file protein-v8.pdb (PDB, C-alpha atoms)
MODEL        1
ATOM      1  CA  MET A   5     -28.681   4.027  -6.191  1.00  0.00           C
ATOM      2  CA  GLU A   6     -25.176   5.347  -5.561  1.00  0.00           C
ATOM      3  CA  ARG A   7     -23.122   5.964  -8.670  1.00  0.00           C
ATOM      4  CA  LEU A   8     -20.003   3.806  -8.591  1.00  0.00           C
ATOM      5  CA  ALA A   9     -16.576   5.283  -9.258  1.00  0.00           C
ATOM      6  CA  THR A  10     -14.503   3.750 -12.045  1.00  0.00           C
ATOM      7  CA  PHE A  11     -10.867   2.676 -12.084  1.00  0.00           C
ATOM      8  CA  SER A  12      -9.130   2.421 -15.433  1.00  0.00           C
ATOM      9  CA  ARG A  13      -6.103   0.301 -16.317  1.00  0.00           C
ATOM     10  CA  GLY A  14      -5.037   1.237 -19.826  1.00  0.00           C
ATOM     11  CA  ASN A  15      -7.214   2.042 -22.833  1.00  0.00           C
ATOM     12  CA  LYS A  16     -10.624   0.405 -22.453  1.00  0.00           C
ATOM     13  CA  ALA A  17     -14.013   1.120 -23.973  1.00  0.00           C
ATOM     14  CA  LYS A  18     -16.164   3.206 -21.630  1.00  0.00           C
ATOM     15  CA  ARG A  19     -18.909   0.607 -21.560  1.00  0.00           C
ATOM     16  CA  MET A  20     -16.377  -1.922 -20.247  1.00  0.00           C
ATOM     17  CA  LEU A  21     -15.606   0.387 -17.323  1.00  0.00           C
ATOM     18  CA  ARG A  22     -19.298   0.478 -16.378  1.00  0.00           C
ATOM     19  CA  GLY A  23     -19.779  -3.286 -16.165  1.00  0.00           C
ATOM     20  CA  LEU A  24     -18.182  -6.691 -15.607  1.00  0.00           C
ATOM     21  CA  TYR A  25     -16.688  -8.058 -18.838  1.00  0.00           C
ATOM     22  CA  HIS A  26     -13.961 -10.363 -17.417  1.00  0.00           C
ATOM     23  CA  GLY A  27     -11.474  -9.262 -20.061  1.00  0.00           C
ATOM     24  CA  LYS A  28     -13.858  -9.820 -22.983  1.00  0.00           C
ATOM     25  CA  LEU A  29     -13.151  -7.313 -25.758  1.00  0.00           C
ATOM     26  CA  ILE A  30     -14.718  -6.441 -29.089  1.00  0.00           C
ATOM     27  CA  LYS A  31     -13.324  -8.714 -31.799  1.00  0.00           C
ATOM     28  CA  TYR A  32     -12.909  -7.634 -35.411  1.00  0.00           C
ATOM     29  CA  GLY A  33     -12.682  -9.797 -38.501  1.00  0.00           C
ATOM     30  CA  ASN A  34     -14.209 -10.734 -41.832  1.00  0.00           C
ATOM     31  CA  GLN A  35     -17.527 -12.346 -42.656  1.00  0.00           C
ATOM     32  CA  ILE A  36     -16.822 -14.652 -45.610  1.00  0.00           C
ATOM     33  CA  SER A  37     -19.708 -15.596 -47.864  1.00  0.00           C
ATOM     34  CA  HIS A  38     -20.049 -18.764 -49.967  1.00  0.00           C
ATOM     35  CA  SER A  39     -18.606 -16.844 -52.934  1.00  0.00           C
ATOM     36  CA  ASP A  40     -15.556 -15.935 -50.810  1.00  0.00           C
ATOM     37  CA  ARG A  41     -16.527 -12.291 -50.476  1.00  0.00           C
ATOM     38  CA  LYS A  42     -15.129 -10.708 -47.343  1.00  0.00           C
ATOM     39  CA  THR A  43     -17.102  -8.137 -45.360  1.00  0.00           C
ATOM     40  CA  ARG A  44     -15.673  -6.455 -42.287  1.00  0.00           C
ATOM     41  CA  ARG A  45     -17.644  -7.052 -39.116  1.00  0.00           C
ATOM     42  CA  ARG A  46     -17.223  -7.135 -35.360  1.00  0.00           C
ATOM     43  CA  TRP A  47     -18.255  -9.462 -32.552  1.00  0.00           C
ATOM     44  CA  LEU A  48     -19.556  -7.794 -29.398  1.00  0.00           C
ATOM     45  CA  PRO A  49     -19.352  -9.463 -25.972  1.00  0.00           C
ATOM     46  CA  ASN A  50     -22.567 -11.216 -24.969  1.00  0.00           C
ATOM     47  CA  ALA A  51     -23.519  -8.669 -22.301  1.00  0.00           C
ATOM     48  CA  VAL A  52     -26.816  -8.477 -20.421  1.00  0.00           C
ATOM     49  CA  THR A  53     -28.164  -6.118 -17.760  1.00  0.00           C
ATOM     50  CA  LYS A  54     -28.419  -7.767 -14.341  1.00  0.00           C
ATOM     51  CA  GLU A  55     -29.095  -6.684 -10.775  1.00  0.00           C
ATOM     52  CA  LEU A  56     -26.637  -8.390  -8.421  1.00  0.00           C
ATOM     53  CA  TYR A  57     -26.747  -8.398  -4.629  1.00  0.00           C
ATOM     54  CA  SER A  58     -23.637  -7.898  -2.495  1.00  0.00           C
ATOM     55  CA  GLU A  59     -23.893  -9.301   1.022  1.00  0.00           C
ATOM     56  CA  ILE A  60     -20.775  -7.520   2.267  1.00  0.00           C
ATOM     57  CA  LEU A  61     -21.936  -4.101   1.045  1.00  0.00           C
ATOM     58  CA  ASP A  62     -25.603  -4.959   1.670  1.00  0.00           C
ATOM     59  CA  GLU A  63     -26.846  -3.327  -1.530  1.00  0.00           C
ATOM     60  CA  ARG A  64     -28.186  -4.251  -4.954  1.00  0.00           C
ATOM     61  CA  ILE A  65     -26.080  -3.191  -7.929  1.00  0.00           C
ATOM     62  CA  ARG A  66     -27.468  -2.972 -11.460  1.00  0.00           C
ATOM     63  CA  MET A  67     -24.857  -3.230 -14.214  1.00  0.00           C
ATOM     64  CA  ARG A  68     -23.948  -4.825 -17.528  1.00  0.00           C
ATOM     65  CA  VAL A  69     -22.303  -8.244 -17.244  1.00  0.00           C
ATOM     66  CA  VAL A  70     -21.285 -10.876 -19.771  1.00  0.00           C
ATOM     67  CA  THR A  71     -22.668 -14.395 -19.506  1.00  0.00           C
ATOM     68  CA  ASN A  72     -19.170 -15.674 -18.749  1.00  0.00           C
ATOM     69  CA  VAL A  73     -19.233 -13.611 -15.542  1.00  0.00           C
ATOM     70  CA  LEU A  74     -22.580 -15.123 -14.536  1.00  0.00           C
ATOM     71  CA  ARG A  75     -21.103 -18.617 -14.903  1.00  0.00           C
ATOM     72  CA  SER A  76     -18.022 -17.538 -12.946  1.00  0.00           C
ATOM     73  CA  ILE A  77     -20.226 -16.194 -10.136  1.00  0.00           C
ATOM     74  CA  ASP A  78     -21.884 -19.616  -9.912  1.00  0.00           C
ATOM     75  CA  LYS A  79     -18.466 -21.309  -9.815  1.00  0.00           C
ATOM     76  CA  PHE A  80     -17.269 -18.977  -7.055  1.00  0.00           C
ATOM     77  CA  MET A  81     -20.505 -19.649  -5.120  1.00  0.00           C
ATOM     78  CA  GLY A  82     -21.447 -15.994  -4.803  1.00  0.00           C
ATOM     79  CA  PHE A  83     -21.060 -12.492  -6.225  1.00  0.00           C
ATOM     80  CA  ASP A  84     -18.818 -11.262  -3.380  1.00  0.00           C
ATOM     81  CA  ASN A  85     -16.489 -14.260  -3.734  1.00  0.00           C
ATOM     82  CA  TYR A  86     -16.118 -13.579  -7.456  1.00  0.00           C
ATOM     83  CA  ILE A  87     -15.345  -9.867  -6.989  1.00  0.00           C
ATOM     84  CA  ILE A  88     -12.827 -10.369  -4.167  1.00  0.00           C
ATOM     85  CA  MET A  89     -10.943 -13.424  -5.441  1.00  0.00           C
ATOM     86  CA  THR A  90     -10.807 -12.564  -9.157  1.00  0.00           C
ATOM     87  CA  HIS A  91      -7.498 -11.176 -10.425  1.00  0.00           C
ATOM     88  CA  PRO A  92      -7.560  -7.380 -10.935  1.00  0.00           C
ATOM     89  CA  ARG A  93      -6.686  -7.774 -14.632  1.00  0.00           C
ATOM     90  CA  TYR A  94     -10.231  -9.094 -15.202  1.00  0.00           C
ATOM     91  CA  LEU A  95     -11.910  -6.352 -13.136  1.00  0.00           C
ATOM     92  CA  GLU A  96     -12.103  -2.975 -14.848  1.00  0.00           C
ATOM     93  CA  GLY A  97     -13.876   0.139 -13.646  1.00  0.00           C
ATOM     94  CA  VAL A  98     -16.881  -0.793 -11.539  1.00  0.00           C
ATOM     95  CA  GLY A  99     -15.477  -4.240 -10.699  1.00  0.00           C
ATOM     96  CA  MET A 100     -12.262  -2.812  -9.238  1.00  0.00           C
ATOM     97  CA  SER A 101     -14.235  -0.166  -7.348  1.00  0.00           C
ATOM     98  CA  LEU A 102     -16.440  -2.858  -5.799  1.00  0.00           C
ATOM     99  CA  LYS A 103     -13.385  -4.958  -4.913  1.00  0.00           C
ATOM    100  CA  MET A 104     -11.746  -2.085  -3.020  1.00  0.00           C
ATOM    101  CA  ARG A 105     -14.989  -1.212  -1.219  1.00  0.00           C
ATOM    102  CA  MET A 106     -15.490  -4.805  -0.084  1.00  0.00           C
ATOM    103  CA  LEU A 107     -11.910  -5.155   1.122  1.00  0.00           C
ATOM    104  CA  ASP A 108     -12.128  -1.825   2.945  1.00  0.00           C
ATOM    105  CA  LYS A 109     -15.272  -2.932   4.761  1.00  0.00           C
ATOM    106  CA  LEU A 110     -13.758  -6.275   5.799  1.00  0.00           C
ATOM    107  CA  ARG A 111     -10.642  -4.435   6.958  1.00  0.00           C
ATOM    108  CA  SER A 112     -12.513  -1.744   8.893  1.00  0.00           C
ATOM    109  CA  GLU A 113     -14.914  -4.187  10.580  1.00  0.00           C
ATOM    110  CA  PRO A 114     -12.806  -7.071  11.961  1.00  0.00           C
ATOM    111  CA  GLU A 115     -15.790  -8.424  13.890  1.00  0.00           C
ATOM    112  CA  LEU A 116     -17.322  -9.679  10.625  1.00  0.00           C
ATOM    113  CA  LYS A 117     -16.992 -13.443  10.148  1.00  0.00           C
ATOM    114  CA  PRO A 118     -17.981 -15.907   7.394  1.00  0.00           C
ATOM    115  CA  ASP A 119     -20.849 -17.148   9.607  1.00  0.00           C
ATOM    116  CA  ASP A 120     -22.444 -13.693   9.365  1.00  0.00           C
ATOM    117  CA  PHE A 121     -23.045 -14.189   5.633  1.00  0.00           C
ATOM    118  CA  LEU A 122     -24.791 -16.795   3.534  1.00  0.00           C
ATOM    119  CA  ASN A 123     -22.561 -16.991   0.431  1.00  0.00           C
ATOM    120  CA  VAL A 124     -19.253 -15.393   1.480  1.00  0.00           C
ATOM    121  CA  SER A 125     -16.322 -17.824   1.609  1.00  0.00           C
ATOM    122  CA  PRO A 126     -13.634 -17.762   4.367  1.00  0.00           C
ATOM    123  CA  GLU A 127     -11.085 -17.498   1.540  1.00  0.00           C
ATOM    124  CA  CYS A 128     -12.065 -13.826   1.205  1.00  0.00           C
ATOM    125  CA  TRP A 129     -10.415 -13.074   4.554  1.00  0.00           C
ATOM    126  CA  GLU A 130      -7.317 -15.026   3.495  1.00  0.00           C
ATOM    127  CA  TYR A 131      -7.217 -13.005   0.275  1.00  0.00           C
ATOM    128  CA  LEU A 132      -7.470  -9.799   2.338  1.00  0.00           C
ATOM    129  CA  LYS A 133      -4.417 -10.795   4.425  1.00  0.00           C
ATOM    130  CA  GLU A 134      -2.434 -11.668   1.296  1.00  0.00           C
ATOM    131  CA  PHE A 135      -3.528  -8.427  -0.398  1.00  0.00           C
ATOM    132  CA  ASP A 136      -2.473  -6.297   2.588  1.00  0.00           C
ATOM    133  CA  HIS A 137       0.854  -8.148   2.765  1.00  0.00           C
ATOM    134  CA  LYS A 138       1.575  -7.426  -0.896  1.00  0.00           C
ATOM    135  CA  GLN A 139       0.587  -3.786  -0.453  1.00  0.00           C
ATOM    136  CA  ALA A 140       2.954  -3.497   2.519  1.00  0.00           C
ATOM    137  CA  GLN A 141       5.769  -4.967   0.421  1.00  0.00           C
ATOM    138  CA  LEU A 142       5.084  -2.501  -2.391  1.00  0.00           C
ATOM    139  CA  GLU A 143       5.053   0.408   0.063  1.00  0.00           C
ATOM    140  CA  ALA A 144       8.335  -0.788   1.590  1.00  0.00           C
ATOM    141  CA  LYS A 145       9.939  -0.981  -1.870  1.00  0.00           C
ATOM    142  CA  ALA A 146       8.661   2.501  -2.711  1.00  0.00           C
ATOM    143  CA  GLU A 147      10.075   3.865   0.562  1.00  0.00           C
ATOM    144  CA  GLU A 148      13.410   2.170  -0.098  1.00  0.00           C
ATOM    145  CA  LYS A 149      13.518   3.670  -3.586  1.00  0.00           C
ATOM    146  CA  ARG A 150      12.705   7.112  -2.191  1.00  0.00           C
ATOM    147  CA  LEU A 151      15.548   6.862   0.366  1.00  0.00           C
ATOM    148  CA  LYS A 152      17.979   5.809  -2.368  1.00  0.00           C
ATOM    149  CA  GLU A 153      16.926   8.794  -4.473  1.00  0.00           C
ATOM    150  CA  GLN A 154      17.512  11.080  -1.494  1.00  0.00           C
ATOM    151  CA  GLU A 155      21.005   9.621  -0.981  1.00  0.00           C
ATOM    152  CA  LYS A 156      21.812  10.124  -4.661  1.00  0.00           C
ATOM    153  CA  GLN A 157      20.535  13.703  -4.496  1.00  0.00           C
ATOM    154  CA  LEU A 158      22.736  14.446  -1.456  1.00  0.00           C
ATOM    155  CA  GLU A 159      25.727  12.890  -3.218  1.00  0.00           C
ATOM    156  CA  ARG A 160      25.107  15.040  -6.309  1.00  0.00           C
ATOM    157  CA  GLU A 161      24.856  18.167  -4.180  1.00  0.00           C
ATOM    158  CA  GLN A 162      28.131  17.325  -2.414  1.00  0.00           C
ATOM    159  CA  GLN A 163      29.865  16.772  -5.753  1.00  0.00           C
ATOM    160  CA  MET A 164      28.599  20.111  -7.075  1.00  0.00           C
ATOM    161  CA  ALA A 165      29.707  21.918  -3.889  1.00  0.00           C
ATOM    162  CA  GLN A 166      33.163  20.357  -4.154  1.00  0.00           C
ATOM    163  CA  TRP A 167      33.363  21.316  -7.832  1.00  0.00           C
ATOM    164  CA  ARG A 168      32.482  24.943  -7.030  1.00  0.00           C
ATOM    165  CA  GLU A 169      35.217  25.064  -4.402  1.00  0.00           C
ATOM    166  CA  GLU A 170      37.737  23.699  -6.900  1.00  0.00           C
ATOM    167  CA  ILE A 171      36.624  26.296  -9.459  1.00  0.00           C
ATOM    168  CA  ALA A 172      37.064  29.080  -6.900  1.00  0.00           C
ATOM    169  CA  ARG A 173      40.553  27.894  -5.912  1.00  0.00           C
ATOM    170  CA  ALA A 174      41.587  27.547  -9.576  1.00  0.00           C
ATOM    171  CA  MET A 175      40.387  31.069 -10.387  1.00  0.00           C
ATOM    172  CA  GLU A 176      42.213  32.492  -7.366  1.00  0.00           C
ATOM    173  CA  SER A 177      45.462  30.765  -8.336  1.00  0.00           C
ATOM    174  CA  GLY A 178      45.069  31.945 -11.950  1.00  0.00           C
ATOM    175  CA  GLU A 179      45.036  28.500 -13.559  1.00  0.00           C
ATOM    176  CA  GLU A 180      44.046  28.409 -17.217  1.00  0.00           C
ATOM    177  CA  GLU A 181      42.422  24.929 -17.167  1.00  0.00           C
ATOM    178  CA  LEU A 182      39.421  24.740 -14.876  1.00  0.00           C
ATOM    179  CA  PRO A 183      38.274  21.415 -13.429  1.00  0.00           C
ATOM    180  CA  PRO A 184      35.485  19.795 -15.484  1.00  0.00           C
ATOM    181  CA  ARG A 185      31.926  19.769 -14.270  1.00  0.00           C
ATOM    182  CA  PRO A 186      30.909  16.403 -12.741  1.00  0.00           C
ATOM    183  CA  VAL A 187      28.633  14.497 -15.113  1.00  0.00           C
ATOM    184  CA  GLU A 188      26.112  12.026 -13.739  1.00  0.00           C
ATOM    185  CA  LYS A 189      25.868   8.680 -15.475  1.00  0.00           C
ATOM    186  CA  LYS A 190      22.283   8.384 -16.644  1.00  0.00           C
ATOM    187  CA  LYS A 191      20.697   4.982 -16.484  1.00  0.00           C
ATOM    188  CA  ARG A 192      19.292   3.883 -19.811  1.00  0.00           C
ATOM    189  CA  LYS A 193      15.512   3.623 -19.676  1.00  0.00           C
ATOM    190  CA  THR A 194      13.803   0.447 -20.749  1.00  0.00           C
ATOM    191  CA  ALA A 195      11.157   0.381 -23.466  1.00  0.00           C
ATOM    192  CA  LYS A 196       8.506  -0.261 -20.815  1.00  0.00           C
ATOM    193  CA  GLU A 197       9.532   2.805 -18.780  1.00  0.00           C
ATOM    194  CA  ILE A 198       9.493   4.996 -21.902  1.00  0.00           C
ATOM    195  CA  HIS A 199       6.047   3.665 -22.839  1.00  0.00           C
ATOM    196  CA  ILE A 200       4.702   4.361 -19.332  1.00  0.00           C
ATOM    197  CA  GLU A 201       6.117   7.899 -19.365  1.00  0.00           C
ATOM    198  CA  LYS A 202       4.481   8.615 -22.730  1.00  0.00           C
ATOM    199  CA  ARG A 203       1.150   7.253 -21.521  1.00  0.00           C
ATOM    200  CA  LEU A 204       1.301   9.350 -18.339  1.00  0.00           C
ATOM    201  CA  ALA A 205       2.238  12.461 -20.309  1.00  0.00           C
ATOM    202  CA  ALA A 206      -0.652  11.906 -22.743  1.00  0.00           C
ATOM    203  CA  ARG A 207      -3.060  11.399 -19.831  1.00  0.00           C
ATOM    204  CA  GLU A 208      -1.836  14.633 -18.228  1.00  0.00           C
ATOM    205  CA  ARG A 209      -2.346  16.520 -21.506  1.00  0.00           C
ATOM    206  CA  ARG A 210      -5.896  15.180 -21.828  1.00  0.00           C
ATOM    207  CA  GLN A 211      -6.674  16.176 -18.248  1.00  0.00           C
ATOM    208  CA  ASN A 212      -5.251  19.667 -18.822  1.00  0.00           C
ATOM    209  CA  ARG A 213      -7.442  20.086 -21.920  1.00  0.00           C
ATOM    210  CA  LYS A 214     -10.513  19.003 -19.950  1.00  0.00           C
ATOM    211  CA  ASP A 215      -9.664  21.420 -17.134  1.00  0.00           C
ATOM    212  CA  ASN A 216      -9.200  24.278 -19.612  1.00  0.00           C
ATOM    213  CA  VAL A 217     -12.538  23.557 -21.295  1.00  0.00           C
ATOM    214  CA  THR A 218     -14.283  23.400 -17.906  1.00  0.00           C
ATOM    215  CA  ARG A 219     -12.698  26.683 -16.830  1.00  0.00           C
ATOM    216  CA  ILE A 220     -13.621  28.458 -20.083  1.00  0.00           C
ATOM    217  CA  MET A 221     -17.222  27.206 -19.931  1.00  0.00           C
ATOM    218  CA  ALA A 222     -17.497  28.352 -16.306  1.00  0.00           C
ATOM    219  CA  GLU A 223     -16.170  31.823 -17.232  1.00  0.00           C
ATOM    220  CA  LYS A 224     -18.630  32.099 -20.146  1.00  0.00           C
ATOM    221  CA  HIS A 225     -21.494  31.026 -17.885  1.00  0.00           C
ATOM    222  CA  GLN A 226     -20.456  33.613 -15.288  1.00  0.00           C
ATOM    223  CA  LEU A 227     -20.199  36.396 -17.879  1.00  0.00           C
ATOM    224  CA  LYS A 228     -23.622  35.460 -19.241  1.00  0.00           C
ATOM    225  CA  HIS A 229     -25.193  35.710 -15.779  1.00  0.00           C
ATOM    226  CA  GLN A 230     -23.441  39.034 -15.147  1.00  0.00           C
ATOM    227  CA  GLY A 231     -24.769  40.435 -18.445  1.00  0.00           C
ATOM    228  CA  ALA A 232     -28.295  39.258 -17.633  1.00  0.00           C
ATOM    229  CA  ALA A 233     -28.084  40.814 -14.168  1.00  0.00           C
ATOM    230  CA  SER A 234     -26.804  44.177 -15.472  1.00  0.00           C
ATOM    231  CA  SER A 235     -29.558  44.379 -18.119  1.00  0.00           C
TER
ENDMDL
END
call {"tool": "encode", "arguments": {"input": "protein-v8.pdb", "output": "structure tokens"}}
result
Amino acid sequence: MERLATFSRGNKAKRMLRGLYHGKLIKYGNQISHSDRKTRRRWLPNAVTKELYSEILDERIRMRVVTNVLRSIDKFMGFDNYIIMTHPRYLEGVGMSLKMRMLDKLRSEPELKPDDFLNVSPECWEYLKEFDHKQAQLEAKAEEKRLKEQEKQLEREQQMAQWREEIARAMESGEEELPPRPVEKKKRKTAKEIHIEKRLAARERRQNRKDNVTRIMAEKHQLKHQGAASS
């Protein structure tokens, strides 16, 4: 069976990235006895191992799912309907990977229709249109932001060029007071933007550490083979 890629949104337990947990997390609390003694304990999600069949992908997928997901699949009248029409905040890792694969297949094969499947709702195609529309809007906003940044960069360069010309003219004329350097007004970052930057920086540091460890292990392995070959 093909190993599914995982998509991560924030800090999640690894086991929750390998299954469908529908936002269910580990809960922590106290177990209180009759004598009012408190003992720390935790409540794990009620997860079971199931093999689910996807009609769109035409493959069987074995994974860990919580019983709440099994009830939701029955309410959505099918596994594919649940994966496609569930909000991404409830799909972590394998669930988001399956969602993107299903949408890509429906997008790449427009000849597919609801009549070709047994338990795939026509609402999946409506969701695909809405999803593509939102993605187009996000891409348009990103392009607009990029163009604005380019305009600001050109404006900054023009200001700096003008300032250099003024400096040169002032030095030629022998003026004692030189024109001040243009200072850009920095926009104050919100707490959310600062938090996102810190998270991205921490993720980059973790990835750099992993890359360094992989590189060092590969060099040690290569040196070991070279020593064995020379002996």
call {"tool": "residues_around", "arguments": {"input": "protein-v8.pdb", "residues": "A:Met164", "least_positions_apart": "6", "cutoff": "12 Å", "atoms": "only C-alpha atoms", "output": "list in words"}}
result
Gln157, Leu158, Glu170, Ile171, Pro183, Pro184, Arg185, Pro186, Val187 and Glu188 of chain A
call {"tool": "resolve_selection", "arguments": {"input": "protein-v8.pdb", "expression": "the PyMOL selection byres ((chain A and resi 118) around 12)", "output": "ChimeraX atom specification"}}
result
/A:59-60,84-85,110,114-117,119-130
call {"tool": "resolve_selection", "arguments": {"input": "protein-v8.pdb", "expression": "the PyMOL selection byres ((chain A and resi 108) around 12)", "output": "JSON, numbers by chain"}}
result
{"A": [60, 61, 88, 101, 102, 103, 104, 105, 106, 107, 109, 110, 111, 112, 113, 114, 129, 132, 133, 135, 136]}
call {"tool": "resolve_selection", "arguments": {"input": "protein-v8.pdb", "expression": "the PyMOL selection byres ((chain A and resi 19-36) around 8)", "output": "ChimeraX atom specification"}}
result
/A:10-12,16-18,37-49,51,67-70,72-73,93-99
call {"tool": "atom_distance", "arguments": {"input": "protein-v8.pdb", "atom1": "atom CA of A:Gln230", "atom2": "atom CA of A:Asn212"}}
result
26.8 Å
call {"tool": "atom_distance", "arguments": {"input": "protein-v8.pdb", "atom1": "atom CA of A:Ala205", "atom2": "atom CA of A:Arg160"}}
result
26.9 Å
call {"tool": "atom_distance", "arguments": {"input": "protein-v8.pdb", "atom1": "atom CA of A:Asp62", "atom2": "atom CA of A:Arg75"}}
result
21.9 Å
call {"tool": "axis_aligned_box", "arguments": {"input": "protein-v8.pdb", "around": "stretch 175-183 of chain A", "padding_each_side": "5 Å", "output": "AutoDock Vina command-line options"}}
result
--center_x 41.9 --center_y 27.0 --center_z -12.3 --size_x 17.2 --size_y 21.1 --size_z 19.9
call {"tool": "closest_residue", "arguments": {"input": "protein-v8.pdb", "among": "A:Thr90, A:Arg64, A:Glu176, A:Asn50", "to": "A:Ser76", "atoms": "all atoms listed in the file"}}
result
A:Thr90
call {"tool": "decode", "arguments": {"input": "protein-v8.pdb", "residues": "stretch 168-175 of chain A", "atoms": "all heavy atoms", "output": "PDB file, in the first residue's frame"}}
result
ATOM      1  N   ARG A 168      20.988  60.592  -2.749  1.00  0.00           N
ATOM      2  CA  ARG A 168      22.405  60.560  -3.119  1.00  0.00           C
ATOM      3  C   ARG A 168      22.765  61.761  -3.993  1.00  0.00           C
ATOM      4  O   ARG A 168      23.850  62.345  -3.850  1.00  0.00           O
ATOM      5  CB  ARG A 168      22.723  59.251  -3.848  1.00  0.00           C
ATOM      6  CG  ARG A 168      22.645  58.008  -2.964  1.00  0.00           C
ATOM      7  CD  ARG A 168      23.210  56.792  -3.661  1.00  0.00           C
ATOM      8  NE  ARG A 168      22.988  55.585  -2.894  1.00  0.00           N
ATOM      9  CZ  ARG A 168      21.982  54.737  -3.108  1.00  0.00           C
ATOM     10  NH1 ARG A 168      21.090  54.990  -4.071  1.00  0.00           N
ATOM     11  NH2 ARG A 168      21.847  53.652  -2.360  1.00  0.00           N
ATOM     12  N   GLU A 169      21.859  62.117  -4.898  1.00  0.00           N
ATOM     13  CA  GLU A 169      22.115  63.300  -5.728  1.00  0.00           C
ATOM     14  C   GLU A 169      22.176  64.565  -4.877  1.00  0.00           C
ATOM     15  O   GLU A 169      23.053  65.427  -5.080  1.00  0.00           O
ATOM     16  CB  GLU A 169      21.021  63.428  -6.787  1.00  0.00           C
ATOM     17  CG  GLU A 169      21.049  62.327  -7.844  1.00  0.00           C
ATOM     18  CD  GLU A 169      19.906  62.448  -8.825  1.00  0.00           C
ATOM     19  OE1 GLU A 169      19.085  63.387  -8.653  1.00  0.00           O
ATOM     20  OE2 GLU A 169      19.838  61.617  -9.753  1.00  0.00           O
ATOM     21  N   GLU A 170      21.278  64.677  -3.905  1.00  0.00           N
ATOM     22  CA  GLU A 170      21.304  65.847  -3.024  1.00  0.00           C
ATOM     23  C   GLU A 170      22.586  65.887  -2.201  1.00  0.00           C
ATOM     24  O   GLU A 170      23.169  66.966  -1.986  1.00  0.00           O
ATOM     25  CB  GLU A 170      20.074  65.829  -2.110  1.00  0.00           C
ATOM     26  CG  GLU A 170      18.756  66.023  -2.830  1.00  0.00           C
ATOM     27  CD  GLU A 170      17.574  65.919  -1.895  1.00  0.00           C
ATOM     28  OE1 GLU A 170      17.799  65.625  -0.693  1.00  0.00           O
ATOM     29  OE2 GLU A 170      16.425  66.111  -2.351  1.00  0.00           O
ATOM     30  N   ILE A 171      23.047  64.720  -1.744  1.00  0.00           N
ATOM     31  CA  ILE A 171      24.297  64.654  -0.987  1.00  0.00           C
ATOM     32  C   ILE A 171      25.463  65.120  -1.864  1.00  0.00           C
ATOM     33  O   ILE A 171      26.349  65.887  -1.428  1.00  0.00           O
ATOM     34  CB  ILE A 171      24.534  63.230  -0.468  1.00  0.00           C
ATOM     35  CG1 ILE A 171      23.570  62.902   0.685  1.00  0.00           C
ATOM     36  CG2 ILE A 171      25.978  63.039  -0.001  1.00  0.00           C
ATOM     37  CD1 ILE A 171      23.874  63.596   1.969  1.00  0.00           C
ATOM     38  N   ALA A 172      25.480  64.646  -3.120  1.00  0.00           N
ATOM     39  CA  ALA A 172      26.572  65.026  -4.017  1.00  0.00           C
ATOM     40  C   ALA A 172      26.568  66.529  -4.276  1.00  0.00           C
ATOM     41  O   ALA A 172      27.636  67.178  -4.271  1.00  0.00           O
ATOM     42  CB  ALA A 172      26.456  64.244  -5.322  1.00  0.00           C
ATOM     43  N   ARG A 173      25.398  67.112  -4.522  1.00  0.00           N
ATOM     44  CA  ARG A 173      25.322  68.550  -4.773  1.00  0.00           C
ATOM     45  C   ARG A 173      25.741  69.349  -3.527  1.00  0.00           C
ATOM     46  O   ARG A 173      26.422  70.369  -3.628  1.00  0.00           O
ATOM     47  CB  ARG A 173      23.897  68.940  -5.192  1.00  0.00           C
ATOM     48  CG  ARG A 173      23.542  68.531  -6.612  1.00  0.00           C
ATOM     49  CD  ARG A 173      22.314  69.272  -7.097  1.00  0.00           C
ATOM     50  NE  ARG A 173      21.142  68.947  -6.288  1.00  0.00           N
ATOM     51  CZ  ARG A 173      20.269  67.988  -6.579  1.00  0.00           C
ATOM     52  NH1 ARG A 173      20.459  67.238  -7.660  1.00  0.00           N
ATOM     53  NH2 ARG A 173      19.233  67.761  -5.807  1.00  0.00           N
ATOM     54  N   ALA A 174      25.316  68.876  -2.340  1.00  0.00           N
ATOM     55  CA  ALA A 174      25.686  69.580  -1.109  1.00  0.00           C
ATOM     56  C   ALA A 174      27.188  69.531  -0.861  1.00  0.00           C
ATOM     57  O   ALA A 174      27.796  70.511  -0.407  1.00  0.00           O
ATOM     58  CB  ALA A 174      24.928  68.970   0.071  1.00  0.00           C
ATOM     59  N   MET A 175      27.815  68.382  -1.156  1.00  0.00           N
ATOM     60  CA  MET A 175      29.262  68.279  -0.960  1.00  0.00           C
ATOM     61  C   MET A 175      30.012  69.133  -1.972  1.00  0.00           C
ATOM     62  O   MET A 175      31.062  69.720  -1.652  1.00  0.00           O
ATOM     63  CB  MET A 175      29.697  66.815  -1.074  1.00  0.00           C
ATOM     64  CG  MET A 175      29.174  65.938   0.062  1.00  0.00           C
ATOM     65  SD  MET A 175      29.646  64.209  -0.098  1.00  0.00           S
ATOM     66  CE  MET A 175      31.417  64.348   0.143  1.00  0.00           C
TER      67      MET A 175
END
